[in-house]
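Okay, so here's the structure we're looking at.
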Amino acid sequence: MKLAVLKESKVPERRVALTPDVVKSLTKAGFTCGIESGAGVESGFYDNVYEDAGAIIFADKAPMLQDADVLLKVNAPTPDELLLMRDGSSFISFLYAYTVPELVSICVQKKISAFAMDAVPRISRAQKMDALSSQANLGGYKAVLLGANALGKIFPLMMTAAGTITPARVLIFGAGVAGLQAIATAKRLGAVVEVTDVRPETKEQVESLGGRFLEVQAEGVQTEGGYAKEVSAEYLQKQKQLITKHIADADIVITTALVIGKKAPVLVTAQMVESMKPGSVIVDMAVESGGNCELSEFNRTVVKHGVTIIGESNLPAMVPVNASELYAKNVSTLLLHLANKDGFKWELEEEVTKGSLITHQGELVHQFTKEILAKKV
């Protein structure tokens with residue numbers, strides 16, 4: 001099988017789908033790896049290192065795509081890239097297919113088999129393929145560092161001859177992978193950490209990391225695959241009342257809340273921002289999905305009501321070396337689960353295959369994507 005790796009065109013993006021070490025292992029397994037020239041430069045991986053690992057470097061992506069059996073990317077292919085691909089070929093990348101019906105349409109027309117890294121089932125035997133978790137983990141870490149850098153005070157308690165410095169207070173919305181890493185990082189830096197999440201089962205994990213769980217006593221939360229699928233208006237109202245008391249005392253607020261298939265819920269209102277202390281910081285990790293903070297701006301850092309609001313949409317790309325290393329392992333593990341050097345197994349009822357395959361042989365086959373897109377028509 002011939003694999004193709006492109007230089008990512010999305011802005012801001014510094015990751016690459018395969019690293020030289022993973023290219024070496026795939027080459028040993030019998031795959032041929034084509035790499036677009038410069039694809040790994042932003043992650044610190046240069047063309048000569050890929051060549052030493054056994055890859056073929058292409059100055060022009062068109063012939064590489066037309067000849068490839070499988071395209072591997074971090075972000076979804078562009079329409080132009082899909083049109084360059086051979087009919088009946090495949091790709092593996094993050095896709096969020098329900099947000100890009102035009103790409104789904106091209107895949108159907110060209111009979112391209114599209115596998116979405118964001119749709120890999122979150123089951124124990126697929127943990128090594130779970131790119132959502134590997135990237136969110138790094139994002140949670142980086143969010144705390146960005147917040148700490150923008151804050152005009154230190155995190156830990158410090159007792160000096162000139163007086164005692166009280167620890168910073170960090171409030172985190174969401175105790176998923178990103179939120180848990182943010183808790184751990186903020187605690188390591190010495191902050192007092194409070195956490196709210198719609199899933200009561202996360203309380204034990206929060207407390208095991210040293211965070212204080214702010215519990216909302218209300219019904220109306222449905223979860224699926226580790227994400228909130230539906231949150232009632234009553235719950236959100238009670239959560240808002242609880243958070244209003246704590247947000248005014250926070251030095252840093254980090255929001256990570258996502259609802260699968262929907263716009264991110266607004267958890268921090270303009271009124272809440274106005275109640276915060278001058279010089280405090282909000283890091284909105286959900287900004288790409290619409291934002292958890294009413295005043296955050298996509299890919300911008302702004303100051304409103306004296307509060308710095310950071311709206312970086314791609315935090316993993318800010319640590320591209322580690323992010324690329326982890327993603328390359330995720331995507332290659334999925335590839336080796338689905339295929340060998342001679343081709344795909346096409347075990348269409350197997351759980352990982354069925355969960356991640358979006359389009360195949362000219363049809364949209366992914367049930368969840370079908371349901372979401374049908375609602376948008």
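Here, A, B, ... name the chains of the structure tokens in the order displayed, residue numbers run from 1 inside each chain, and ligands are numbered from 1 in the same displayed order.
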
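Every protein, DNA or RNA residue with an atom at most 8 Å from segment 259-275 of chain A, where only C-alpha atoms count and chain neighbours fewer than 2 positions away do not, is listed here: Tyr98, Tyr227, Ala228, Lys229, Glu230, Leu236, Lys240, Thr244, Ile247, Ala248, Ala257, Lys277, Ala286, Ser289, Gly290, Gly291, Asn292, Cys293, Glu294, Leu295, Lys304, His305, Val307 and Ile372 of chain A.
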
Where does segment 229-341 of chain A meet segment 134-152 of chain A within 8 Å, residue by residue, with the nearest atom pair and distance in Å to one decimal for each, counting only C-alpha atoms, listed by chain and rising number, as CSV?
```
residue,atom,partner,partner_atom,distance
A:Asp251,CA,A:Leu151,CA,7.6
A:Ile252,CA,A:Gly147,CA,6.5
A:Ile254,CA,A:Ala143,CA,7.3
A:Gly279,CA,A:Leu151,CA,6.6
A:Ser280,CA,A:Leu151,CA,6.3
A:Val281,CA,A:Gly147,CA,6.2
A:Ile282,CA,A:Gly147,CA,7.1
A:Val283,CA,A:Gly147,CA,6.4
A:Met285,CA,A:Ala143,CA,7.5
A:Thr308,CA,A:Ala150,CA,7.4
A:Ile310,CA,A:Gly147,CA,8.0
A:Asn314,CA,A:Gly139,CA,7.8
A:Leu315,CA,A:Gly139,CA,4.9
A:Pro316,CA,A:Gly139,CA,4.9
A:Met318,CA,A:Lys142,CA,7.6
A:Val319,CA,A:Leu138,CA,7.5
A:Ala323,CA,A:Gln135,CA,6.2
A:Leu326,CA,A:Ser134,CA,6.4
A:Tyr327,CA,A:Ser134,CA,7.1
```

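Here atom CA of Phe344 of chain A and atom CA of Ile112 of chain A stand 13.1 Å from one another.
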
Could you give me the residues within segment 153-212 of chain A that DSSP places in strand (DSSP E), as a ChimeraX atom specification? /A:158-160,163-165,169-173,192-196,212

Limited to N, CA, C and O atoms, could you put the picked residues into a file as a PDB file, in the first residue's frame?
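Dumped to part-v2.pdb:
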```pdb
ATOM      1  N   MET A 158       3.620  31.494  48.330  1.00  0.00           N
ATOM      2  CA  MET A 158       5.029  31.795  48.555  1.00  0.00           C
ATOM      3  C   MET A 158       5.161  32.671  49.799  1.00  0.00           C
ATOM      4  O   MET A 158       4.552  33.730  49.888  1.00  0.00           O
ATOM      5  N   MET A 159       5.952  32.201  50.727  1.00  0.00           N
ATOM      6  CA  MET A 159       6.177  32.945  51.979  1.00  0.00           C
ATOM      7  C   MET A 159       7.561  33.579  51.912  1.00  0.00           C
ATOM      8  O   MET A 159       8.564  32.875  51.780  1.00  0.00           O
ATOM      9  N   THR A 160       7.589  34.910  51.965  1.00  0.00           N
ATOM     10  CA  THR A 160       8.852  35.632  51.854  1.00  0.00           C
ATOM     11  C   THR A 160       8.976  36.611  53.018  1.00  0.00           C
ATOM     12  O   THR A 160       8.016  36.877  53.748  1.00  0.00           O
ATOM     13  N   GLY A 163       6.538  39.326  52.862  1.00  0.00           N
ATOM     14  CA  GLY A 163       5.117  39.015  53.012  1.00  0.00           C
ATOM     15  C   GLY A 163       4.757  37.709  52.328  1.00  0.00           C
ATOM     16  O   GLY A 163       5.571  37.099  51.633  1.00  0.00           O
ATOM     17  N   THR A 164       3.522  37.269  52.529  1.00  0.00           N
ATOM     18  CA  THR A 164       3.047  36.003  51.964  1.00  0.00           C
ATOM     19  C   THR A 164       2.217  36.257  50.709  1.00  0.00           C
ATOM     20  O   THR A 164       1.336  37.111  50.691  1.00  0.00           O
ATOM     21  N   ILE A 165       2.537  35.489  49.644  1.00  0.00           N
ATOM     22  CA  ILE A 165       1.763  35.555  48.399  1.00  0.00           C
ATOM     23  C   ILE A 165       0.777  34.396  48.409  1.00  0.00           C
ATOM     24  O   ILE A 165       1.171  33.238  48.539  1.00  0.00           O
ATOM     25  N   ARG A 169      -6.098  31.164  42.038  1.00  0.00           N
ATOM     26  CA  ARG A 169      -7.292  30.313  42.002  1.00  0.00           C
ATOM     27  C   ARG A 169      -7.655  30.055  40.540  1.00  0.00           C
ATOM     28  O   ARG A 169      -7.810  30.992  39.755  1.00  0.00           O
ATOM     29  N   VAL A 170      -7.764  28.781  40.200  1.00  0.00           N
ATOM     30  CA  VAL A 170      -8.080  28.366  38.825  1.00  0.00           C
ATOM     31  C   VAL A 170      -9.417  27.647  38.828  1.00  0.00           C
ATOM     32  O   VAL A 170      -9.631  26.713  39.620  1.00  0.00           O
ATOM     33  N   LEU A 171     -10.327  28.080  37.957  1.00  0.00           N
ATOM     34  CA  LEU A 171     -11.649  27.457  37.806  1.00  0.00           C
ATOM     35  C   LEU A 171     -11.701  26.802  36.435  1.00  0.00           C
ATOM     36  O   LEU A 171     -11.478  27.466  35.416  1.00  0.00           O
ATOM     37  N   ILE A 172     -11.974  25.504  36.404  1.00  0.00           N
ATOM     38  CA  ILE A 172     -11.968  24.748  35.147  1.00  0.00           C
ATOM     39  C   ILE A 172     -13.363  24.209  34.860  1.00  0.00           C
ATOM     40  O   ILE A 172     -13.983  23.558  35.705  1.00  0.00           O
ATOM     41  N   PHE A 173     -13.858  24.493  33.654  1.00  0.00           N
ATOM     42  CA  PHE A 173     -15.142  23.970  33.190  1.00  0.00           C
ATOM     43  C   PHE A 173     -14.866  22.722  32.352  1.00  0.00           C
ATOM     44  O   PHE A 173     -14.249  22.805  31.293  1.00  0.00           O
ATOM     45  N   VAL A 192      -4.814  26.781  43.566  1.00  0.00           N
ATOM     46  CA  VAL A 192      -6.022  26.185  44.135  1.00  0.00           C
ATOM     47  C   VAL A 192      -6.976  25.980  42.952  1.00  0.00           C
ATOM     48  O   VAL A 192      -7.257  26.920  42.207  1.00  0.00           O
ATOM     49  N   VAL A 193      -7.458  24.743  42.771  1.00  0.00           N
ATOM     50  CA  VAL A 193      -8.223  24.413  41.562  1.00  0.00           C
ATOM     51  C   VAL A 193      -9.643  23.980  41.915  1.00  0.00           C
ATOM     52  O   VAL A 193      -9.845  23.090  42.750  1.00  0.00           O
ATOM     53  N   GLU A 194     -10.623  24.619  41.262  1.00  0.00           N
ATOM     54  CA  GLU A 194     -12.025  24.224  41.369  1.00  0.00           C
ATOM     55  C   GLU A 194     -12.507  23.791  39.997  1.00  0.00           C
ATOM     56  O   GLU A 194     -12.079  24.348  38.974  1.00  0.00           O
ATOM     57  N   VAL A 195     -13.415  22.806  39.980  1.00  0.00           N
ATOM     58  CA  VAL A 195     -13.829  22.202  38.711  1.00  0.00           C
ATOM     59  C   VAL A 195     -15.331  21.974  38.702  1.00  0.00           C
ATOM     60  O   VAL A 195     -15.914  21.548  39.702  1.00  0.00           O
ATOM     61  N   THR A 196     -15.940  22.251  37.541  1.00  0.00           N
ATOM     62  CA  THR A 196     -17.345  21.909  37.358  1.00  0.00           C
ATOM     63  C   THR A 196     -17.492  21.080  36.093  1.00  0.00           C
ATOM     64  O   THR A 196     -16.789  21.303  35.103  1.00  0.00           O
ATOM     65  N   ARG A 212     -11.150  20.630  43.581  1.00  0.00           N
ATOM     66  CA  ARG A 212     -12.419  20.648  44.320  1.00  0.00           C
ATOM     67  C   ARG A 212     -13.556  20.623  43.315  1.00  0.00           C
ATOM     68  O   ARG A 212     -13.630  21.478  42.425  1.00  0.00           O
TER      69      ARG A 212
END
```

Figure out the distance between atom CA of Pro121 of chain A and atom CA of Gly40 of chain A, please, to one decimal in Å. 28.0 Å

Among segment 163-262 of chain A, which ones does DSSP assign to alpha helix (DSSP H) (computed from the backbone)? Answer as JSON, numbers by chain. {"A": [177, 178, 179, 180, 181, 182, 183, 184, 185, 186, 187, 188, 203, 204, 205, 206, 207, 208, 233, 234, 235, 236, 237, 238, 239, 240, 241, 242, 243, 244, 245, 246, 247]}

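Nearest residue to Leu72 of chain A, choosing from A:Glu36, A:Asp52, A:Asp60, A:Glu288 and counting only C-alpha atoms: A:Glu36.
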
Which polymer residues have any atom within 9 Å of an atom of Ala184 of chain A, counting only C-alpha atoms, with same-chain residues fewer than 4 positions away left out, as a PyMOL selection string? chain A and resi 141+179-180+188-189+209-211

What would the file look like if the residues just selected were written as a PDB file, in the first residue's frame with all heavy atoms?
```pdb
ATOM      1  N   TYR A 141      -2.752  20.910  28.984  1.00  0.00           N
ATOM      2  CA  TYR A 141      -1.465  21.359  29.545  1.00  0.00           C
ATOM      3  C   TYR A 141      -1.112  22.753  29.047  1.00  0.00           C
ATOM      4  O   TYR A 141      -0.789  23.659  29.826  1.00  0.00           O
ATOM      5  CB  TYR A 141      -0.379  20.353  29.139  1.00  0.00           C
ATOM      6  CG  TYR A 141       1.036  20.816  29.385  1.00  0.00           C
ATOM      7  CD1 TYR A 141       1.630  20.681  30.639  1.00  0.00           C
ATOM      8  CD2 TYR A 141       1.791  21.384  28.357  1.00  0.00           C
ATOM      9  CE1 TYR A 141       2.935  21.103  30.858  1.00  0.00           C
ATOM     10  CE2 TYR A 141       3.094  21.808  28.566  1.00  0.00           C
ATOM     11  CZ  TYR A 141       3.660  21.665  29.822  1.00  0.00           C
ATOM     12  OH  TYR A 141       4.946  22.091  30.034  1.00  0.00           O
ATOM     13  N   GLY A 179      -9.559  18.811  30.520  1.00  0.00           N
ATOM     14  CA  GLY A 179      -9.791  19.387  31.837  1.00  0.00           C
ATOM     15  C   GLY A 179      -8.965  18.714  32.919  1.00  0.00           C
ATOM     16  O   GLY A 179      -8.398  19.379  33.800  1.00  0.00           O
ATOM     17  N   LEU A 180      -8.863  17.393  32.860  1.00  0.00           N
ATOM     18  CA  LEU A 180      -8.093  16.665  33.868  1.00  0.00           C
ATOM     19  C   LEU A 180      -6.600  17.015  33.782  1.00  0.00           C
ATOM     20  O   LEU A 180      -5.926  17.168  34.799  1.00  0.00           O
ATOM     21  CB  LEU A 180      -8.299  15.157  33.709  1.00  0.00           C
ATOM     22  CG  LEU A 180      -9.705  14.644  34.076  1.00  0.00           C
ATOM     23  CD1 LEU A 180      -9.856  13.177  33.702  1.00  0.00           C
ATOM     24  CD2 LEU A 180      -9.996  14.845  35.563  1.00  0.00           C
ATOM     25  N   ARG A 188       0.214  21.207  39.923  1.00  0.00           N
ATOM     26  CA  ARG A 188       1.678  21.105  39.969  1.00  0.00           C
ATOM     27  C   ARG A 188       2.322  22.479  40.107  1.00  0.00           C
ATOM     28  O   ARG A 188       3.370  22.629  40.724  1.00  0.00           O
ATOM     29  CB  ARG A 188       2.216  20.413  38.712  1.00  0.00           C
ATOM     30  CG  ARG A 188       2.068  18.906  38.713  1.00  0.00           C
ATOM     31  CD  ARG A 188       2.941  18.255  37.657  1.00  0.00           C
ATOM     32  NE  ARG A 188       2.553  18.626  36.317  1.00  0.00           N
ATOM     33  CZ  ARG A 188       1.707  17.941  35.564  1.00  0.00           C
ATOM     34  NH1 ARG A 188       1.134  16.847  36.040  1.00  0.00           N
ATOM     35  NH2 ARG A 188       1.415  18.338  34.338  1.00  0.00           N
ATOM     36  N   LEU A 189       1.683  23.483  39.506  1.00  0.00           N
ATOM     37  CA  LEU A 189       2.207  24.844  39.594  1.00  0.00           C
ATOM     38  C   LEU A 189       1.817  25.524  40.906  1.00  0.00           C
ATOM     39  O   LEU A 189       2.256  26.638  41.176  1.00  0.00           O
ATOM     40  CB  LEU A 189       1.709  25.677  38.409  1.00  0.00           C
ATOM     41  CG  LEU A 189       2.310  25.305  37.038  1.00  0.00           C
ATOM     42  CD1 LEU A 189       1.614  26.071  35.924  1.00  0.00           C
ATOM     43  CD2 LEU A 189       3.807  25.574  37.015  1.00  0.00           C
ATOM     44  N   LEU A 209      -6.975  14.257  41.676  1.00  0.00           N
ATOM     45  CA  LEU A 209      -5.912  15.143  41.193  1.00  0.00           C
ATOM     46  C   LEU A 209      -5.734  16.374  42.087  1.00  0.00           C
ATOM     47  O   LEU A 209      -4.918  17.245  41.790  1.00  0.00           O
ATOM     48  CB  LEU A 209      -6.213  15.587  39.756  1.00  0.00           C
ATOM     49  CG  LEU A 209      -6.121  14.482  38.698  1.00  0.00           C
ATOM     50  CD1 LEU A 209      -6.679  14.975  37.366  1.00  0.00           C
ATOM     51  CD2 LEU A 209      -4.685  14.001  38.532  1.00  0.00           C
ATOM     52  N   GLY A 210      -6.532  16.447  43.135  1.00  0.00           N
ATOM     53  CA  GLY A 210      -6.396  17.562  44.072  1.00  0.00           C
ATOM     54  C   GLY A 210      -7.313  18.728  43.799  1.00  0.00           C
ATOM     55  O   GLY A 210      -7.192  19.784  44.433  1.00  0.00           O
ATOM     56  N   GLY A 211      -8.256  18.562  42.855  1.00  0.00           N
ATOM     57  CA  GLY A 211      -9.205  19.631  42.567  1.00  0.00           C
ATOM     58  C   GLY A 211     -10.442  19.524  43.448  1.00  0.00           C
ATOM     59  O   GLY A 211     -10.748  18.465  43.998  1.00  0.00           O
TER      60      GLY A 211
END
```

Nearest to Val70 of chain A, restricted to only C-alpha atoms and choosing among A:Leu338, A:Val302, A:Ala97, A:Val11, comes out as A:Leu338

Which neighbours of Lys329 of chain A fall inside 8 Å, counting only C-alpha atoms, when residues of the same chain fewer than 2 positions from it are skipped, and could you give them as a PyMOL selection string? chain A and resi 18+22+128-129+325-327+331-333

Store the residues picked out above in a file with N, CA and C atoms, as a PDB file, in the first residue's frame.
```pdb
ATOM      1  N   LEU A  18       2.624  11.968  10.100  1.00  0.00           N
ATOM      2  CA  LEU A  18       3.586  10.905  10.401  1.00  0.00           C
ATOM      3  C   LEU A  18       4.937  11.506  10.772  1.00  0.00           C
ATOM      4  N   VAL A  22       7.813   6.753  12.937  1.00  0.00           N
ATOM      5  CA  VAL A  22       6.657   5.959  12.532  1.00  0.00           C
ATOM      6  C   VAL A  22       6.761   5.576  11.056  1.00  0.00           C
ATOM      7  N   LYS A 128      -4.993   3.199  21.920  1.00  0.00           N
ATOM      8  CA  LYS A 128      -3.790   3.626  21.197  1.00  0.00           C
ATOM      9  C   LYS A 128      -4.125   4.361  19.904  1.00  0.00           C
ATOM     10  N   MET A 129      -5.401   4.320  19.510  1.00  0.00           N
ATOM     11  CA  MET A 129      -5.841   5.030  18.298  1.00  0.00           C
ATOM     12  C   MET A 129      -6.554   6.333  18.641  1.00  0.00           C
ATOM     13  N   GLU A 325       4.157  13.468  17.375  1.00  0.00           N
ATOM     14  CA  GLU A 325       4.606  12.130  17.786  1.00  0.00           C
ATOM     15  C   GLU A 325       3.430  11.275  18.251  1.00  0.00           C
ATOM     16  N   LEU A 326       2.566  11.857  19.066  1.00  0.00           N
ATOM     17  CA  LEU A 326       1.416  11.106  19.573  1.00  0.00           C
ATOM     18  C   LEU A 326       0.408  10.821  18.465  1.00  0.00           C
ATOM     19  N   TYR A 327       0.136  11.824  17.621  1.00  0.00           N
ATOM     20  CA  TYR A 327      -0.847  11.625  16.543  1.00  0.00           C
ATOM     21  C   TYR A 327      -0.357  10.568  15.557  1.00  0.00           C
ATOM     22  N   VAL A 331      -2.557   7.409  14.456  1.00  0.00           N
ATOM     23  CA  VAL A 331      -3.037   7.170  13.091  1.00  0.00           C
ATOM     24  C   VAL A 331      -2.423   5.893  12.514  1.00  0.00           C
ATOM     25  N   SER A 332      -1.180   5.607  12.843  1.00  0.00           N
ATOM     26  CA  SER A 332      -0.552   4.386  12.319  1.00  0.00           C
ATOM     27  C   SER A 332      -1.151   3.151  12.989  1.00  0.00           C
ATOM     28  N   THR A 333      -1.504   3.260  14.274  1.00  0.00           N
ATOM     29  CA  THR A 333      -2.145   2.131  14.957  1.00  0.00           C
ATOM     30  C   THR A 333      -3.509   1.840  14.340  1.00  0.00           C
TER      31      THR A 333
END
```

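Of the residues listed (A:Leu373, A:Gly34, A:Ser133, A:Val104), A:Ser133 shows the shortest atom-to-atom separation from Gln181 of chain A; distances use only C-alpha atoms.
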
Spatial neighbours of segment 348-354 of chain A, 8 Å, only C-alpha atoms, chain gap at least 2 places, as a ChimeraX atom specification: /A:120-121,126,338,346,356-357,366

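Closest approach to Val100 of chain A from the set A:Ala76, A:Val303, A:Val5, A:Leu84 is made by A:Ala76, with distances taken over only C-alpha atoms.
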